[in-house]
>>> print(open('run.txt').read())   # compact mmCIF, C-alpha atoms
# COMPACT_ATOMS: atom_id res chain seq x y z
CA MET N 429 31.83 36.49 -200.80
CA LEU N 430 32.33 38.63 -203.89
CA ASN N 431 30.80 37.51 -207.16
CA SER N 432 32.88 37.22 -210.31
CA SER N 433 31.70 40.53 -211.80
CA ILE N 434 32.81 42.49 -208.71
CA ARG N 435 36.15 40.68 -208.71
CA ARG N 436 36.61 41.62 -212.36
CA LEU N 437 35.68 45.21 -211.52
CA ILE N 438 38.33 45.33 -208.78
CA LEU N 439 41.01 44.14 -211.21
CA ASP N 440 39.89 46.70 -213.78
CA LEU N 441 39.93 49.49 -211.21
CA TYR N 442 43.54 48.55 -210.50
CA SER N 443 44.48 48.44 -214.18
CA TYR N 444 42.96 51.89 -214.73
CA GLY N 445 45.03 53.37 -211.90
CA CYS N 446 42.23 53.73 -209.35
CA ILE N 447 44.10 51.71 -206.71
CA LEU N 448 47.57 52.92 -205.79
CA PHE N 449 50.17 51.75 -203.29
CA GLY N 450 52.79 53.86 -201.48
CA GLU N 451 52.33 56.44 -198.72
CA PHE N 452 49.42 58.84 -198.95
CA LYS N 453 47.74 61.48 -196.81
CA LEU N 454 43.95 61.18 -196.79
CA THR N 455 41.26 63.87 -196.59
CA SER N 456 40.71 62.77 -193.00
CA GLY N 457 44.35 63.67 -192.23
CA LEU N 458 45.35 60.02 -191.78
CA THR N 459 48.27 58.44 -193.61
CA SER N 460 47.80 55.24 -195.58
CA PRO N 461 49.88 52.64 -197.49
CA TYR N 462 47.31 52.69 -200.29
CA TYR N 463 45.00 55.15 -202.02
CA ILE N 464 41.67 54.66 -203.77
CA ASP N 465 41.28 57.29 -206.52
CA LEU N 466 37.87 56.91 -208.11
CA ARG N 467 37.94 60.39 -209.63
CA VAL N 468 39.45 58.92 -212.80
CA ILE N 469 36.46 56.64 -213.44
CA PRO N 470 34.42 59.19 -215.49
CA SER N 471 37.40 59.52 -217.86
CA HIS N 472 36.82 55.91 -218.97
CA PRO N 473 33.24 55.56 -220.29
CA LYS N 474 33.02 51.76 -220.31
CA LEU N 475 34.33 51.52 -216.76
CA PHE N 476 32.07 54.39 -215.71
CA ARG N 477 29.03 52.58 -217.09
CA ARG N 478 29.88 49.40 -215.18
CA VAL N 479 30.40 51.29 -211.93
CA ILE N 480 27.08 53.11 -212.30
CA GLU N 481 25.29 49.80 -212.90
CA VAL N 482 26.85 48.37 -209.73
CA TYR N 483 25.67 51.40 -207.77
CA ARG N 484 22.20 51.10 -209.27
CA VAL N 485 21.81 47.47 -208.24
CA ASN N 486 22.72 48.37 -204.66
CA VAL N 487 20.79 51.64 -204.41
CA GLU N 488 17.53 50.34 -205.92
CA LYS N 489 17.16 47.93 -202.99
CA LEU N 490 16.85 50.93 -200.66
CA ASN N 491 13.81 52.44 -202.44
CA PRO N 492 15.21 55.96 -202.79
CA GLN N 493 13.10 58.95 -203.74
CA VAL N 494 16.10 61.29 -203.93
CA ILE N 495 19.79 60.74 -204.67
CA ALA N 496 22.25 62.92 -202.75
CA GLY N 497 25.83 63.41 -203.91
CA ILE N 498 28.79 64.83 -202.01
CA ALA N 499 31.16 67.25 -203.73
CA THR N 500 33.45 66.63 -205.33
CA ALA N 501 34.38 62.99 -206.02
CA GLY N 502 30.92 61.59 -205.34
CA LEU N 503 29.06 64.12 -207.47
CA PRO N 504 29.64 62.63 -210.97
CA LEU N 505 28.59 59.22 -209.65
CA ALA N 506 25.45 60.54 -207.97
CA SER N 507 24.52 62.73 -210.96
CA VAL N 508 24.61 59.93 -213.53
CA LEU N 509 22.92 57.50 -211.16
CA ALA N 510 20.06 59.92 -210.47
CA TYR N 511 19.66 60.46 -214.22
CA GLU N 512 19.60 56.72 -214.93
CA MET N 513 17.08 56.10 -212.15
CA ASN N 514 14.95 59.11 -213.08
CA LEU N 515 15.22 60.52 -209.56
CA PRO N 516 15.82 64.04 -208.23
CA LEU N 517 19.43 64.92 -207.41
CA VAL N 518 20.67 67.12 -204.61
CA TYR N 519 24.26 67.55 -203.56
CA VAL N 520 26.13 68.78 -200.52
CA ARG N 521 28.87 71.35 -200.99
CA ARG N 522 32.17 71.02 -199.17
CA GLU N 523 31.59 74.44 -197.68
CA GLU N 524 28.89 77.10 -197.64
CA ARG N 525 28.80 79.47 -200.59
CA THR N 526 29.97 82.98 -199.76
CA HIS N 527 27.76 84.53 -202.44
CA GLY N 528 24.29 84.13 -203.94
CA THR N 529 21.99 81.86 -201.95
CA ARG N 530 24.74 80.75 -199.53
CA ARG N 531 23.31 77.25 -199.62
CA VAL N 532 25.21 74.16 -198.50
CA VAL N 533 22.76 71.79 -200.19
CA GLU N 534 22.13 72.48 -203.87
CA GLY N 535 19.03 71.30 -205.70
CA ARG N 536 15.46 70.89 -204.52
CA ALA N 537 13.49 68.01 -203.06
CA GLU N 538 10.31 67.78 -201.01
CA ARG N 539 10.65 67.40 -197.28
CA GLY N 540 10.31 63.88 -195.91
CA LEU N 541 11.50 62.05 -199.02
CA ASN N 542 13.68 58.97 -198.61
CA THR N 543 17.17 60.13 -199.61
CA VAL N 544 20.15 57.87 -200.27
CA ILE N 545 23.63 59.37 -200.13
CA VAL N 546 26.00 58.22 -202.86
CA ASP N 547 29.75 58.73 -202.44
CA ASP N 548 32.92 57.12 -203.75
CA VAL N 549 34.97 56.00 -200.74
CA ALA N 550 34.33 55.94 -196.98
CA THR N 551 37.15 56.18 -194.44
CA THR N 552 35.97 57.46 -191.06
CA GLY N 553 32.62 58.59 -192.45
CA GLY N 554 33.17 62.26 -191.63
CA SER N 555 32.12 63.62 -195.03
CA ILE N 556 29.01 61.47 -195.10
CA ALA N 557 28.11 62.41 -191.51
CA ARG N 558 28.29 66.09 -192.43
CA ALA N 559 26.09 65.44 -195.47
CA VAL N 560 23.55 63.60 -193.31
CA LYS N 561 23.30 66.59 -190.99
CA GLU N 562 22.84 69.09 -193.82
CA LEU N 563 20.27 66.96 -195.64
CA ARG N 564 18.26 66.39 -192.48
CA ASN N 565 18.41 70.13 -191.79
CA ILE N 566 16.36 70.72 -194.95
CA GLY N 567 13.85 68.04 -194.02
CA LEU N 568 15.05 65.03 -196.00
CA LYS N 569 14.91 61.52 -194.56
CA VAL N 570 18.36 59.89 -194.59
CA GLU N 571 18.87 56.30 -193.46
CA TYR N 572 21.38 54.91 -195.97
CA ALA N 573 24.64 55.80 -197.69
CA VAL N 574 26.18 53.75 -200.51
CA VAL N 575 29.87 53.82 -201.42
CA LEU N 576 31.90 51.78 -203.86
CA VAL N 577 34.71 51.13 -201.35
CA ASP N 578 34.73 51.10 -197.55
CA ARG N 579 38.26 51.46 -196.16
CA GLU N 580 37.05 49.83 -192.91
CA GLN N 581 38.37 52.62 -190.72
CA GLY N 582 35.31 53.35 -188.64
CA ALA N 583 32.76 54.72 -191.11
CA VAL N 584 30.19 51.98 -190.47
CA GLU N 585 30.36 52.45 -186.70
CA ASN N 586 30.43 56.25 -186.82
CA LEU N 587 27.42 56.45 -189.13
CA GLU N 588 25.47 53.97 -187.01
CA LYS N 589 25.58 56.61 -184.26
CA LEU N 590 23.53 58.81 -186.61
CA ASN N 591 21.14 55.95 -187.42
CA VAL N 592 22.57 55.69 -190.92
CA LYS N 593 23.57 52.36 -192.45
CA LEU N 594 26.60 52.37 -194.72
CA LYS N 595 26.24 49.98 -197.67
CA PRO N 596 29.62 49.44 -199.35
CA VAL N 597 29.82 47.56 -202.63
CA ILE N 598 33.37 46.47 -201.77
CA LYS N 599 35.23 46.33 -198.45
CA VAL N 600 38.91 47.15 -198.74
CA SER N 601 39.86 43.79 -197.22
CA GLU N 602 37.98 42.11 -200.07
CA LEU N 603 39.69 44.37 -202.57
CA ILE N 604 43.18 43.58 -201.28
CA ASN N 605 42.48 39.85 -201.12
CA THR N 606 41.26 39.89 -204.72
CA LEU N 607 44.39 41.66 -205.97
CA TYR N 608 46.65 39.29 -204.05
CA GLU N 609 44.86 36.15 -205.20
CA ALA N 610 45.16 37.39 -208.79
CA LYS N 611 48.92 37.92 -208.21
CA VAL N 612 48.58 41.59 -209.07
CA ILE N 613 50.32 42.70 -205.86
CA ASP N 614 53.21 41.01 -204.10
CA GLU N 615 53.20 39.49 -200.63
CA ALA N 616 55.02 42.43 -199.04
CA THR N 617 52.38 44.88 -200.26
CA TYR N 618 49.59 42.54 -199.22
CA ASN N 619 51.03 42.12 -195.73
CA ARG N 620 51.62 45.85 -195.29
CA VAL N 621 48.06 46.77 -196.23
CA THR N 622 46.37 43.93 -194.33
CA GLU N 623 48.34 44.85 -191.21
CA TYR N 624 47.19 48.45 -191.61
CA ILE N 625 43.57 47.28 -191.87
CA ARG N 626 44.00 44.92 -188.91
CA ARG N 627 45.38 47.70 -186.69
CA TRP N 628 42.33 49.83 -187.40
CA ARG N 629 39.97 46.98 -186.61
CA CYS N 630 41.76 46.25 -183.34
CA SER N 631 41.70 49.92 -182.35
CA GLY N 632 37.94 49.68 -181.94
CA VAL N 633 37.35 52.88 -183.89
>>> encode(input="run.txt", output="structure tokens")
Amino acid sequence: MLNSSIRRLILDLYSYGCILFGEFKLTSGLTSPYYIDLRVIPSHPKLFRRVIEVYRVNVEKLNPQVIAGIATAGLPLASVLAYEMNLPLVYVRREERTHGTRRVVEGRAERGLNTVIVDDVATTGGSIARAVKELRNIGLKVEYAVVLVDREQGAVENLEKLNVKLKPVIKVSELINTLYEAKVIDEATYNRVTEYIRRWRCSGV
């Protein structure tokens, strides 16, 4: 069950335009009746600070020695978090550079260090899975990934296959329930989104 501070955060994310309803195409290629846009968070310093504190509480439990971000949306979150926790930061590019060092992983960290991936939203887990592979390729130990929102569309199960545990701060079902209980969204929107979530759960992805 969500505590009051996370419920308040959900309502504030909605008021700042981070939670949208309509028809959207996701990075994964899937279509969705809602969209979580956390890229706007750094534009609002007070909200940004609260989100970073929420990440910190969840990440500290995992005893990280390195924070790994994923370009692009997860990078501002990971960067500030690493700074606040006084930990090294590395980040995974969306694609290999075609010039210079041609690295996929930027930054430096000693091999074998416990590395926690920090990203904004998880859908199927594809972006995180790619990051896991690249980070392990350079010798880092990766067992956990933390996201603010899990869309509950297979990321947990897909990452388990890589022996990585996904730790979401908020599940999308919790997010939708909170908005509906606060009368922020109407019943039609609530039913449309919950049915979408239910179909994914029943698909066994």
>>> closest_atom_pairs(input="run.txt", of="range 443-552 of chain N", to="range 562-571 of chain N", cutoff="8 Å", atoms="only C-alpha atoms", output="Markdown table")
| residue | atom | partner | partner_atom | distance |
| --- | --- | --- | --- | --- |
| N:Val520 | CA | N:Glu562 | CA | 7.5 |
| N:Val532 | CA | N:Glu562 | CA | 7.3 |
| N:Val533 | CA | N:Glu562 | CA | 6.9 |
| N:Ala537 | CA | N:Leu568 | CA | 7.8 |
| N:Glu538 | CA | N:Leu568 | CA | 7.4 |
| N:Arg539 | CA | N:Gly567 | CA | 4.6 |
| N:Gly540 | CA | N:Leu568 | CA | 4.9 |
| N:Leu541 | CA | N:Leu568 | CA | 5.5 |
| N:Asn542 | CA | N:Lys569 | CA | 4.9 |
| N:Thr543 | CA | N:Val570 | CA | 5.2 |
| N:Val544 | CA | N:Val570 | CA | 6.3 |
| N:Ile545 | CA | N:Val570 | CA | 7.7 |
>>> write_last_selection(input="run.txt", atoms="C-alpha atoms", output="compact mmCIF listing (two decimals), in the coordinates of the input")
# COMPACT_ATOMS: atom_id res chain seq x y z
CA VAL N 520 26.13 68.78 -200.52
CA VAL N 532 25.21 74.16 -198.50
CA VAL N 533 22.76 71.79 -200.19
CA ALA N 537 13.49 68.01 -203.06
CA GLU N 538 10.31 67.78 -201.01
CA ARG N 539 10.65 67.40 -197.28
CA GLY N 540 10.31 63.88 -195.91
CA LEU N 541 11.50 62.05 -199.02
CA ASN N 542 13.68 58.97 -198.61
CA THR N 543 17.17 60.13 -199.61
CA VAL N 544 20.15 57.87 -200.27
CA ILE N 545 23.63 59.37 -200.13
>>> residues_around(input="run.txt", residues="Leu517 in chain N", least_positions_apart="2", cutoff="10 Å", atoms="only C-alpha atoms", output="VMD selection string")
chain N and resid 493 to 497 503 506 to 511 514 to 515 519 534 to 537 543
>>> write_last_selection(input="run.txt", atoms="C-alpha atoms", output="mmCIF file, in the coordinates of the input")
data_model
loop_
_atom_site.group_PDB
_atom_site.id
_atom_site.type_symbol
_atom_site.label_atom_id
_atom_site.label_comp_id
_atom_site.auth_asym_id
_atom_site.auth_seq_id
_atom_site.Cartn_x
_atom_site.Cartn_y
_atom_site.Cartn_z
ATOM 1 C CA GLN N 493 13.100 58.950 -203.740
ATOM 2 C CA VAL N 494 16.100 61.290 -203.930
ATOM 3 C CA ILE N 495 19.790 60.740 -204.670
ATOM 4 C CA ALA N 496 22.250 62.920 -202.750
ATOM 5 C CA GLY N 497 25.830 63.410 -203.910
ATOM 6 C CA LEU N 503 29.060 64.120 -207.470
ATOM 7 C CA ALA N 506 25.450 60.540 -207.970
ATOM 8 C CA SER N 507 24.520 62.730 -210.960
ATOM 9 C CA VAL N 508 24.610 59.930 -213.530
ATOM 10 C CA LEU N 509 22.920 57.500 -211.160
ATOM 11 C CA ALA N 510 20.060 59.920 -210.470
ATOM 12 C CA TYR N 511 19.660 60.460 -214.220
ATOM 13 C CA ASN N 514 14.950 59.110 -213.080
ATOM 14 C CA LEU N 515 15.220 60.520 -209.560
ATOM 15 C CA TYR N 519 24.260 67.550 -203.560
ATOM 16 C CA GLU N 534 22.130 72.480 -203.870
ATOM 17 C CA GLY N 535 19.030 71.300 -205.700
ATOM 18 C CA ARG N 536 15.460 70.890 -204.520
ATOM 19 C CA ALA N 537 13.490 68.010 -203.060
ATOM 20 C CA THR N 543 17.170 60.130 -199.610
#
>>> atom_distance(input="run.txt", atom1="CA of Arg579 in chain N", atom2="CA of Leu594 in chain N")
11.8 Å
>>> closest_residue(input="run.txt", among="N:Thr500, N:Thr617, N:Ser443, N:Gln581", to="Asp548 in chain N", atoms="only C-alpha atoms")
N:Thr500
>>> closest_residue(input="run.txt", among="N:Ala501, N:Asp578, N:Glu588, N:Tyr462", to="Arg521 in chain N", atoms="all atoms listed in the file")
N:Ala501
>>> closest_atom_pairs(input="run.txt", of="range 502-604 of chain N", to="range 447-450 of chain N", cutoff="12 Å", atoms="only C-alpha atoms", output="CSV")
residue,atom,partner,partner_atom,distance
N:Val549,CA,N:Ile447,CA,11.7
N:Val577,CA,N:Ile447,CA,10.8
N:Val600,CA,N:Ile447,CA,10.5
N:Leu603,CA,N:Ile447,CA,9.5
N:Ile604,CA,N:Ile447,CA,9.8
>>> atom_distance(input="run.txt", atom1="CA of Glu623 in chain N", atom2="CA of Gly457 in chain N")
19.3 Å
>>> closest_residue(input="run.txt", among="N:Cys446, N:Ile498, N:Leu505, N:Val584", to="Val518 in chain N", atoms="all atoms listed in the file")
N:Ile498
